[in-house]
Amino acid sequence: MVNICVMMAKLNSIFWDFDGVIKDSVAVKSDAYEQLFKSFGSDVAKKVRSHHESNGGMSRYDKLPLYLKWSNQSISQTLIDKYTDKFSALVKQEVIESEWVVGVLDYIKNNSQNQSFFIVTATPQSEIEEILNELQIRQYFLSVIGSPTEKSDAIRTLLTEYNVERDKTVMIGDSSSDYKAAIANHVPFVLRCTDLNKDLQNTLDCPMIKDFSSE
């Protein structure tokens, strides 16, 4: 594990994932997915939960059609939209009320004036904006990009738009999709370690952190 605060102090900008990096909210979404598909049987619900936890950075727009297929539903855009709305209703307030990752709020508040912060997340654009506004932290980020924009595209856009220097930035994430998006753009990656990404911890060769405490 590295002392993230020492490492980050040398950077000009930071790309942040949200769930699992700023808020400890991945389990909230696991519970919501399981609840959403519980009526199709415990086997389906457990399969859905397991897939979500193994693919934390994947958009719900990609997950829900797959989960509906596993549930033997006749998939239509209307049905996907219905389940998207149900999922959003289940998770938004829970995410807002979930625990902060230790040290992250202080770091963001104390360093937003001398570093450029960006959020790149699989949460839908309107939903992540609402969450950030409720948490009163939207003002600390120069730009926020959520679904349906792919993370790799979001980083590419921000690198150009804000003239970000790749050797003075980093992407902090907790999933393979975060890692792949960073690597696709030649941006250094830091993994925030959780109980759900132990496989990544064993396979990735990159700096790893537990939280944002200065100790």
# chains A, B, ... in the order shown; residues from 1 in each chain; ligands from 1
call {"tool": "closest_atom_pairs", "arguments": {"of": "region 121-142 of chain A", "to": "region 13-16 of chain A", "cutoff": "12 Å", "atoms": "only C-alpha atoms", "output": "CSV"}}
result
residue,atom,partner,partner_atom,distance
A:Thr121,CA,A:Trp16,CA,7.9
A:Ala122,CA,A:Trp16,CA,11.5
A:Tyr140,CA,A:Ile14,CA,11.6
A:Phe141,CA,A:Trp16,CA,9.6
A:Leu142,CA,A:Ser13,CA,10.1
call {"tool": "residues_around", "arguments": {"residues": "Arg192 (chain A)", "least_positions_apart": "4", "cutoff": "10 Å", "atoms": "only C-alpha atoms", "output": "number ranges by chain"}}
result
A: 1, 4, 17, 20-22, 101, 172-175, 197, 201, 207-212
call {"tool": "select_by_dssp", "arguments": {"residues": "region 30-206 of chain A", "states": "helix (DSSP H, G or I)", "output": "PyMOL selection string"}}
result
chain A and resi 30-36+38-40+42-54+60-70+77-97+104-111+125-135+138-140+151-161+166-168+176-184+198-203
call {"tool": "closest_atom_pairs", "arguments": {"of": "region 85-116 of chain A", "to": "region 30-44 of chain A", "cutoff": "10 Å", "atoms": "only C-alpha atoms", "output": "JSON lines"}}
result
{"residue": "A:Lys86", "atom": "CA", "partner": "A:Leu36", "partner_atom": "CA", "distance": 7.7}
{"residue": "A:Phe87", "atom": "CA", "partner": "A:Ala32", "partner_atom": "CA", "distance": 6.6}
{"residue": "A:Ser88", "atom": "CA", "partner": "A:Ala32", "partner_atom": "CA", "distance": 9.1}
{"residue": "A:Ala89", "atom": "CA", "partner": "A:Ala32", "partner_atom": "CA", "distance": 9.5}
{"residue": "A:Leu90", "atom": "CA", "partner": "A:Ala32", "partner_atom": "CA", "distance": 6.1}
{"residue": "A:Val91", "atom": "CA", "partner": "A:Ala32", "partner_atom": "CA", "distance": 6.5}
{"residue": "A:Glu94", "atom": "CA", "partner": "A:Ala32", "partner_atom": "CA", "distance": 9.5}
call {"tool": "select_by_dssp", "arguments": {"residues": "region 47-157 of chain A", "states": "strand (DSSP E)", "output": "list in words"}}
result
Ser116, Phe117, Phe118, Ile119, Val120, Thr121, Ala122, Thr123, Pro124, Ser143, Val144, Ile145, Gly146 and Ser147 of chain A
call {"tool": "residues_around", "arguments": {"residues": "Asp205 (chain A)", "least_positions_apart": "5", "cutoff": "12 Å", "atoms": "only C-alpha atoms", "output": "number ranges by chain"}}
result
A: 1, 179, 183, 188-191, 200
call {"tool": "write_last_selection", "arguments": {"atoms": "N, CA and C atoms", "output": "CSV table (one decimal), in the first residue's frame"}}
result
chain,number,residue,atom,x,y,z
A,1,MET,N,0.8,-1.2,0.0
A,1,MET,CA,0.0,0.0,0.0
A,1,MET,C,0.9,1.2,0.0
A,179,TYR,N,-9.5,0.7,-14.4
A,179,TYR,CA,-8.2,0.4,-14.9
A,179,TYR,C,-8.0,0.4,-16.4
A,183,ILE,N,-5.7,2.9,-18.6
A,183,ILE,CA,-4.6,2.4,-19.5
A,183,ILE,C,-4.8,2.7,-20.9
A,188,PRO,N,-1.8,7.0,-15.5
A,188,PRO,CA,-1.5,6.1,-14.4
A,188,PRO,C,-2.7,5.8,-13.6
A,189,PHE,N,-2.7,4.6,-13.0
A,189,PHE,CA,-3.9,4.1,-12.2
A,189,PHE,C,-3.5,3.7,-10.8
A,190,VAL,N,-4.4,4.1,-9.9
A,190,VAL,CA,-4.3,3.7,-8.5
A,190,VAL,C,-5.6,2.9,-8.1
A,191,LEU,N,-5.4,1.7,-7.5
A,191,LEU,CA,-6.6,0.9,-7.2
A,191,LEU,C,-6.9,1.1,-5.7
A,200,LEU,N,-8.5,-8.4,-8.4
A,200,LEU,CA,-7.8,-7.3,-9.0
A,200,LEU,C,-6.5,-7.0,-8.2
call {"tool": "closest_residue", "arguments": {"among": "A:Val104, A:Ile155, A:Leu11, A:Val48", "to": "His186 (chain A)", "atoms": "only C-alpha atoms"}}
result
A:Ile155
call {"tool": "closest_residue", "arguments": {"among": "A:Ser143, A:Thr78, A:Thr169, A:Thr149", "to": "Met8 (chain A)", "atoms": "only C-alpha atoms"}}
result
A:Thr169
call {"tool": "closest_residue", "arguments": {"among": "A:Ser126, A:Ser50, A:Ser76, A:Ser147", "to": "Asp62 (chain A)", "atoms": "only C-alpha atoms"}}
result
A:Ser147
call {"tool": "atom_distance", "arguments": {"atom1": "CA of Ser98 (chain A)", "atom2": "CA of Val26 (chain A)"}}
result
9.5 Å
call {"tool": "atom_distance", "arguments": {"atom1": "CA of Val170 (chain A)", "atom2": "CA of Asp153 (chain A)"}}
result
15.7 Å
call {"tool": "residues_around", "arguments": {"residues": "Glu97 (chain A)", "least_positions_apart": "6", "cutoff": "12 Å", "atoms": "only C-alpha atoms", "output": "ChimeraX atom specification"}}
result
/A:23-25,28,91,131-132,134-135
call {"tool": "closest_residue", "arguments": {"among": "A:Ala154, A:Lys109, A:Pro148, A:Gln139", "to": "Tyr61 (chain A)", "atoms": "only C-alpha atoms"}}
result
A:Pro148
